[in-house]
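See below for protein-v4.csv, which holds CSV, C-alpha atoms.
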chain,number,residue,atom,x,y,z
A,83,MET,CA,-30.7,-10.8,-9.7
A,84,SER,CA,-27.8,-11.1,-7.3
A,85,ILE,CA,-24.3,-9.7,-7.7
A,86,LEU,CA,-21.0,-10.9,-6.3
A,87,HIS,CA,-18.9,-7.8,-5.7
A,88,THR,CA,-15.1,-8.3,-5.4
A,89,VAL,CA,-12.7,-5.7,-4.0
A,90,ASN,CA,-9.0,-6.2,-4.5
A,91,LYS,CA,-7.5,-2.8,-3.4
A,92,SER,CA,-6.4,-1.7,0.1
A,93,PRO,CA,-9.2,0.5,1.6
A,94,PHE,CA,-6.5,2.8,3.0
A,95,GLU,CA,-5.1,3.6,-0.4
A,96,LYS,CA,-8.0,3.4,-2.9
A,97,SER,CA,-11.7,4.2,-3.0
A,98,SER,CA,-12.6,0.7,-4.3
A,99,LEU,CA,-14.2,-0.5,-1.0
A,100,ASN,CA,-16.2,2.7,-0.6
A,101,ASP,CA,-17.4,2.6,-4.2
A,102,CYS,CA,-18.4,-1.0,-3.7
A,103,LEU,CA,-20.3,-0.4,-0.5
A,104,SER,CA,-22.1,2.6,-1.9
A,105,HIS,CA,-23.1,0.8,-5.2
A,106,SER,CA,-24.1,-2.6,-3.9
A,107,ALA,CA,-27.7,-3.5,-3.2
A,108,ASP,CA,-29.0,-5.1,0.0
A,109,GLY,CA,-28.5,-8.9,-0.2
A,110,SER,CA,-25.3,-8.6,-2.2
A,111,ALA,CA,-22.3,-10.7,-1.6
A,112,ILE,CA,-19.0,-8.8,-1.2
A,113,LEU,CA,-15.8,-10.8,-1.4
A,114,LEU,CA,-12.5,-9.1,-0.3
A,115,ILE,CA,-9.5,-10.4,-2.2
A,116,GLU,CA,-5.8,-9.5,-2.6
A,117,ASP,CA,-5.1,-6.2,-0.8
A,118,GLY,CA,-8.9,-5.9,-0.3
A,119,VAL,CA,-8.5,-8.3,2.7
A,120,TYR,CA,-7.0,-5.6,4.8
A,121,ALA,CA,-10.5,-4.2,5.2
A,122,ALA,CA,-11.5,-7.4,7.0
A,123,MET,CA,-9.3,-6.7,10.0
A,124,GLN,CA,-10.6,-5.6,13.4
A,125,GLY,CA,-9.5,-2.2,14.8
A,126,THR,CA,-8.9,-0.3,11.6
A,127,ASN,CA,-10.2,3.0,10.4
A,128,VAL,CA,-12.7,1.3,8.0
A,129,GLU,CA,-14.1,-1.3,10.5
A,130,ALA,CA,-17.2,0.7,11.1
A,131,GLU,CA,-18.0,1.0,7.4
A,132,ILE,CA,-17.7,-2.8,7.0
A,133,LYS,CA,-19.8,-3.5,10.0
A,134,ASN,CA,-22.5,-1.1,8.8
A,135,ALA,CA,-22.5,-2.9,5.4
A,136,MET,CA,-22.8,-6.3,7.1
A,137,GLY,CA,-26.2,-5.3,8.3
A,138,SER,CA,-27.6,-5.8,4.9
A,139,LYS,CA,-24.9,-7.5,2.9
A,140,LYS,CA,-22.8,-10.7,3.3
A,141,VAL,CA,-19.1,-10.1,3.4
A,142,TYR,CA,-16.4,-12.7,2.7
A,143,ALA,CA,-12.6,-12.7,2.7
A,144,LEU,CA,-10.4,-14.9,0.6
A,145,GLY,CA,-8.4,-17.1,3.0
A,146,PRO,CA,-5.1,-17.6,1.0
A,147,ASP,CA,-4.8,-13.8,0.6
A,148,VAL,CA,-5.4,-13.3,4.3
A,149,LYS,CA,-2.8,-15.8,5.2
A,150,LEU,CA,-0.2,-14.5,2.7
A,151,ARG,CA,-0.4,-11.1,4.3
A,152,GLY,CA,0.1,-12.4,7.9
A,153,LEU,CA,-3.4,-11.5,9.0
A,154,SER,CA,-4.7,-14.0,11.5
A,155,VAL,CA,-8.2,-15.3,11.2
A,156,ASP,CA,-9.0,-14.6,14.8
A,157,ARG,CA,-8.4,-10.9,14.2
A,158,ILE,CA,-10.9,-10.7,11.4
A,159,ILE,CA,-14.2,-8.9,12.1
A,160,ASP,CA,-16.9,-11.2,13.5
A,161,GLY,CA,-19.3,-12.3,10.9
A,162,ILE,CA,-17.0,-12.1,7.9
A,163,GLU,CA,-16.8,-15.5,6.4
A,164,VAL,CA,-13.3,-16.7,5.2
A,165,VAL,CA,-13.5,-18.8,2.0
A,166,ASP,CA,-10.9,-20.7,0.0
A,167,TYR,CA,-10.5,-20.7,-3.8
A,168,ALA,CA,-13.3,-23.3,-4.1
A,169,GLY,CA,-15.5,-21.0,-2.0
A,170,PHE,CA,-14.7,-18.2,-4.5
A,171,VAL,CA,-15.9,-20.4,-7.3
A,172,ASP,CA,-19.1,-21.3,-5.4
A,173,LEU,CA,-19.8,-17.6,-4.9
A,174,THR,CA,-19.4,-16.8,-8.6
A,175,GLU,CA,-21.6,-19.7,-9.4
A,176,SER,CA,-24.4,-18.9,-6.9
A,177,ASN,CA,-24.6,-15.2,-8.0
A,178,ASP,CA,-25.9,-14.1,-11.4
A,179,LYS,CA,-22.9,-11.9,-12.2
A,180,VAL,CA,-19.7,-10.5,-10.8
A,181,GLN,CA,-18.8,-6.8,-10.4
A,182,ALA,CA,-15.1,-6.3,-9.8
A,183,TRP,CA,-14.2,-3.0,-8.0
A,184,LEU,CA,-10.6,-2.7,-9.2
B,164,MET,CA,36.4,10.1,2.6
B,165,SER,CA,33.5,11.9,4.1
B,166,ASP,CA,31.2,11.9,1.1
B,167,ILE,CA,28.8,9.4,2.7
B,168,LYS,CA,25.2,10.5,1.9
B,169,LYS,CA,22.0,9.8,3.8
B,170,PHE,CA,19.9,7.6,1.6
B,171,MET,CA,16.3,6.9,2.6
B,172,TYR,CA,14.0,4.4,0.9
B,173,VAL,CA,10.4,5.4,1.4
B,174,ASN,CA,7.9,2.5,1.4
B,175,ARG,CA,4.2,3.3,1.1
B,176,ARG,CA,2.6,0.2,-0.5
B,177,ALA,CA,1.3,-3.0,0.9
B,178,PRO,CA,3.3,-6.1,-0.2
B,179,TYR,CA,1.9,-8.6,-2.9
B,180,GLY,CA,-0.9,-6.4,-4.4
B,181,THR,CA,1.8,-4.5,-6.4
B,182,VAL,CA,5.5,-5.2,-7.0
B,183,TYR,CA,6.7,-2.0,-5.3
B,184,ALA,CA,7.6,-3.6,-1.9
B,185,LEU,CA,9.7,-6.4,-3.5
B,186,GLU,CA,11.4,-4.0,-5.9
B,187,SER,CA,12.3,-1.7,-3.0
B,188,LEU,CA,14.0,-4.6,-1.2
B,189,GLU,CA,15.9,-5.4,-4.4
B,190,VAL,CA,17.2,-1.8,-4.7
B,191,VAL,CA,18.0,-1.6,-1.0
B,192,LEU,CA,20.1,-4.8,-1.2
B,193,ILE,CA,21.9,-3.5,-4.3
B,194,GLY,CA,22.5,-0.1,-2.7
B,195,ALA,CA,23.9,-1.7,0.5
B,196,ALA,CA,27.1,-2.4,-1.5
B,197,PHE,CA,27.8,1.4,-1.7
B,198,ASP,CA,28.6,2.2,1.9
B,199,GLN,CA,26.1,5.0,2.4
B,200,ASP,CA,24.1,5.9,5.4
B,201,VAL,CA,20.9,3.9,4.6
B,202,SER,CA,17.5,3.9,6.3
B,203,LEU,CA,14.1,2.7,5.4
B,204,ALA,CA,10.8,4.5,6.1
B,205,PHE,CA,7.4,2.7,6.3
B,206,ILE,CA,4.5,5.0,5.8
B,207,GLY,CA,0.8,4.3,5.1
B,208,ASP,CA,0.2,0.8,3.7
B,209,GLY,CA,4.0,0.3,3.7
B,210,VAL,CA,3.7,-0.8,7.3
B,211,PHE,CA,2.0,-4.0,6.1
B,212,GLN,CA,5.3,-5.1,4.6
B,213,LEU,CA,6.6,-5.8,8.1
B,214,LYS,CA,3.5,-7.7,9.4
B,215,ALA,CA,4.5,-10.8,11.2
B,216,GLY,CA,3.2,-14.2,10.2
B,217,GLN,CA,3.1,-13.8,6.4
B,218,ASN,CA,2.6,-17.2,4.9
B,219,GLY,CA,2.4,-18.2,1.3
B,220,SER,CA,1.6,-21.9,1.7
B,221,ASP,CA,-2.0,-21.5,0.4
B,222,SER,CA,-1.1,-18.9,-2.2
B,223,ASP,CA,0.6,-19.0,-5.6
B,224,GLN,CA,2.6,-15.9,-4.5
B,225,LYS,CA,5.9,-16.3,-2.5
B,226,ASN,CA,6.2,-15.0,1.0
B,227,PHE,CA,9.2,-12.6,0.6
B,228,SER,CA,9.1,-11.2,4.2
B,229,PRO,CA,12.1,-13.3,5.4
B,230,ILE,CA,14.3,-11.0,3.2
B,231,TYR,CA,13.6,-8.2,5.8
B,232,GLN,CA,15.4,-10.4,8.4
B,233,ALA,CA,18.5,-10.3,6.3
B,234,LEU,CA,18.8,-6.5,6.1
B,235,GLY,CA,20.8,-6.3,9.3
B,236,ASP,CA,23.6,-8.4,7.8
B,237,TYR,CA,23.9,-5.8,5.0
B,238,ASP,CA,24.2,-3.0,7.6
B,239,VAL,CA,20.7,-1.8,6.9
B,240,THR,CA,19.7,-1.3,10.5
B,241,LYS,CA,17.4,1.6,10.6
B,242,LEU,CA,13.8,0.8,9.8
B,243,TYR,CA,11.5,3.7,10.7
B,244,VAL,CA,7.8,2.8,11.1
B,245,GLU,CA,5.2,5.6,11.4
B,246,LYS,CA,3.1,5.2,14.5
B,247,GLU,CA,-0.1,6.9,13.1
B,248,SER,CA,0.0,4.6,10.0
B,249,LEU,CA,0.1,1.5,12.4
B,250,GLU,CA,-2.8,2.9,14.4
B,251,GLU,CA,-5.0,3.6,11.4
B,252,ARG,CA,-4.6,0.0,10.5
B,253,GLY,CA,-5.3,-1.5,13.9
B,254,LEU,CA,-1.7,-2.5,14.4
B,255,THR,CA,1.0,-2.1,17.0
B,256,LEU,CA,4.7,-2.8,17.1
B,257,GLU,CA,3.9,-6.2,18.5
B,258,ASP,CA,2.2,-7.1,15.2
B,259,LEU,CA,5.4,-6.6,13.3
B,260,MET,CA,8.3,-9.1,12.6
B,261,PRO,CA,11.0,-8.8,15.3
B,262,LEU,CA,14.0,-7.5,13.3
B,263,THR,CA,17.4,-7.2,14.8
B,264,TYR,CA,21.0,-6.5,14.0
B,265,GLU,CA,24.3,-7.0,15.7
B,266,ASP,CA,25.9,-3.6,16.6
B,267,GLU,CA,29.6,-3.9,15.8
B,268,ASP,CA,30.3,-0.7,17.7
B,269,ASP,CA,28.8,-2.1,20.9
B,270,ASP,CA,30.4,-5.6,21.3
B,271,TYR,CA,28.0,-7.0,18.7
B,272,GLU,CA,25.1,-6.6,21.0
B,273,GLU,CA,21.8,-7.6,19.3
B,274,LYS,CA,19.5,-4.5,18.8
B,275,ASP,CA,16.1,-3.8,17.3
B,276,SER,CA,16.1,-2.5,13.8
B,277,ILE,CA,12.5,-1.3,13.9
B,278,ARG,CA,12.0,2.1,15.4
B,279,VAL,CA,8.4,3.4,15.7
B,280,ILE,CA,8.3,7.2,15.3
B,281,SER,CA,5.5,9.8,15.0
B,282,ARG,CA,4.4,11.4,11.8
B,283,ALA,CA,6.1,14.7,12.9
B,284,GLU,CA,9.3,12.8,13.5
B,285,MET,CA,9.0,11.2,10.1
B,286,THR,CA,8.6,14.6,8.6
B,287,ASP,CA,11.8,15.8,10.2
B,288,LEU,CA,13.6,12.6,9.1
B,289,LEU,CA,12.6,13.0,5.5
B,290,ASP,CA,13.9,16.6,5.7
B,291,GLN,CA,17.4,15.4,6.9
B,292,GLN,CA,18.0,13.1,4.0
B,293,ASP,CA,20.3,13.7,1.0
B,294,VAL,CA,18.6,11.3,-1.3
B,295,LEU,CA,15.0,9.8,-1.2
B,296,PHE,CA,14.0,6.7,-3.2
B,297,ASN,CA,10.2,6.2,-3.4
B,298,PHE,CA,8.3,2.9,-3.7
Could I get this structure in the form of structure tokens?
Amino acid sequence: MSILHTVNKSPFEKSSLNDCLSHSADGSAILLIEDGVYAAMQGTNVEAEIKNAMGSKKVYALGPDVKLRGLSVDRIIDGIEVVDYAGFVDLTESNDKVQAWL
Amino acid sequence: MSDIKKFMYVNRRAPYGTVYALESLEVVLIGAAFDQDVSLAFIGDGVFQLKAGQNGSDSDQKNFSPIYQALGDYDVTKLYVEKESLEERGLTLEDLMPLTYEDEDDDYEEKDSIRVISRAEMTDLLDQQDVLFNF
């Protein structure tokens, strides 16, 4: 059973990302959407946590939300895959269920 | 008349995820009609409101960041950004939109509206205000 986890809150304001990282099994997919995409940037206070999670989980960021917020793709942590809305649909389809960390 | 008050709008939320940032801008623009001593503070995730390069072309949400460029024309010329908040988010002044105003007291010279200050300076600044609006 695989779960797609989504995180839509800023990691600097809410514990959603932390709760996700500490409750997701190895092999899970984590998709950062809306204000969650701020966690995908290089050089932040949460970069180490994300990189640590990426050792055992696959992390994605939703491209339109990255672009809307003025974050450039070349400043995103290496190894995070940027997906579009179709990619979001593919992820929901390829996992058994979705857990949204609101 | 010397009953001009120091108004500060304190912005602590990222744009788009909630409506706070846009609502703050609306109130700032309305308030600009009242000839007060207005300044804006950007603390915590609020600094993301001023991020350069916001682009809504792939999103169903509208990029409202160009409104910040208009603030100077409404005599809203003091935008204080907290240095520590930028650093925690991997940002520097160069990552923010260049915002300027024309100083009518200095031969309309173009000056920067954004001033990066420390958390300690922000603390003092908050203390000096007559009225605080929080978003």
When you get a sec, could you note down which chain A residues fall within 6 Å of chain B, using all atoms listed in the file, as a PDB file with C-alpha atoms, keeping the file's coordinate frame?
ATOM      1  CA  ASP A 117      -5.100  -6.200  -0.800  1.00  0.00           C
ATOM      2  CA  GLY A 125      -9.500  -2.200  14.800  1.00  0.00           C
ATOM      3  CA  THR A 126      -8.900  -0.300  11.600  1.00  0.00           C
ATOM      4  CA  ASN A 127     -10.200   3.000  10.400  1.00  0.00           C
ATOM      5  CA  PRO A 146      -5.100 -17.600   1.000  1.00  0.00           C
ATOM      6  CA  LYS A 149      -2.800 -15.800   5.200  1.00  0.00           C
ATOM      7  CA  LEU A 150      -0.200 -14.500   2.700  1.00  0.00           C
ATOM      8  CA  ARG A 151      -0.400 -11.100   4.300  1.00  0.00           C
ATOM      9  CA  GLY A 152       0.100 -12.400   7.900  1.00  0.00           C
TER      10      GLY A 152
END
One residue among A:Gly161, A:Ala135, A:Val148, A:Glu175 is nearest to His105 (chain A) when using all atoms listed in the file, and that residue is A:Ala135
Shell of 7 Å around region 86-98 of chain A, all atoms listed in the file, local chain residues under 5 positions omitted, as a PyMOL selection string: chain A and resi 110-118+120-121+173-174+177+179-184
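Computed from the coordinates, the CA of Tyr172 (chain B) to CA of Val294 (chain B) distance equals 8.6 Å.
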Given all atoms listed in the file as the basis, pick out the residue of B:Leu242, B:Gly194, B:Met285, B:Asp293 nearest to Met260 (chain B).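 The closest residue to Met260 (chain B) is B:Leu242.
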Measuring between all atoms listed in the file, which one of B:Met171, B:Leu262, B:Gln291, B:Asp269 shows the shortest distance to Pro229 (chain B)?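 Closest to Pro229 (chain B), using all atoms listed in the file: B:Leu262.
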For Val155 (chain A), which residue among A:Cys102, A:Met136, A:Asp172, A:Ala143 is the nearest when counting all atoms listed in the file?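 Going through A:Cys102, A:Met136, A:Asp172, A:Ala143 one by one, the smallest distance to Val155 (chain A) is for A:Ala143.
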Ranking B:Tyr264, B:Tyr243, B:Phe170, B:Phe205 by minimum distance to Val190 (chain B) and counting only C-alpha atoms, which one comes first?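 Checking each of B:Tyr264, B:Tyr243, B:Phe170, B:Phe205 against Val190 (chain B), counting only C-alpha atoms, the winner is B:Phe170.
One finds CA of Ile158 (chain A) at 28.7 Å from CA of Thr263 (chain B).
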One number please: CA of Asp238 (chain B) to CA of Phe298 (chain B), in Å, one decimal.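 Those two atoms sit 20.4 Å apart.
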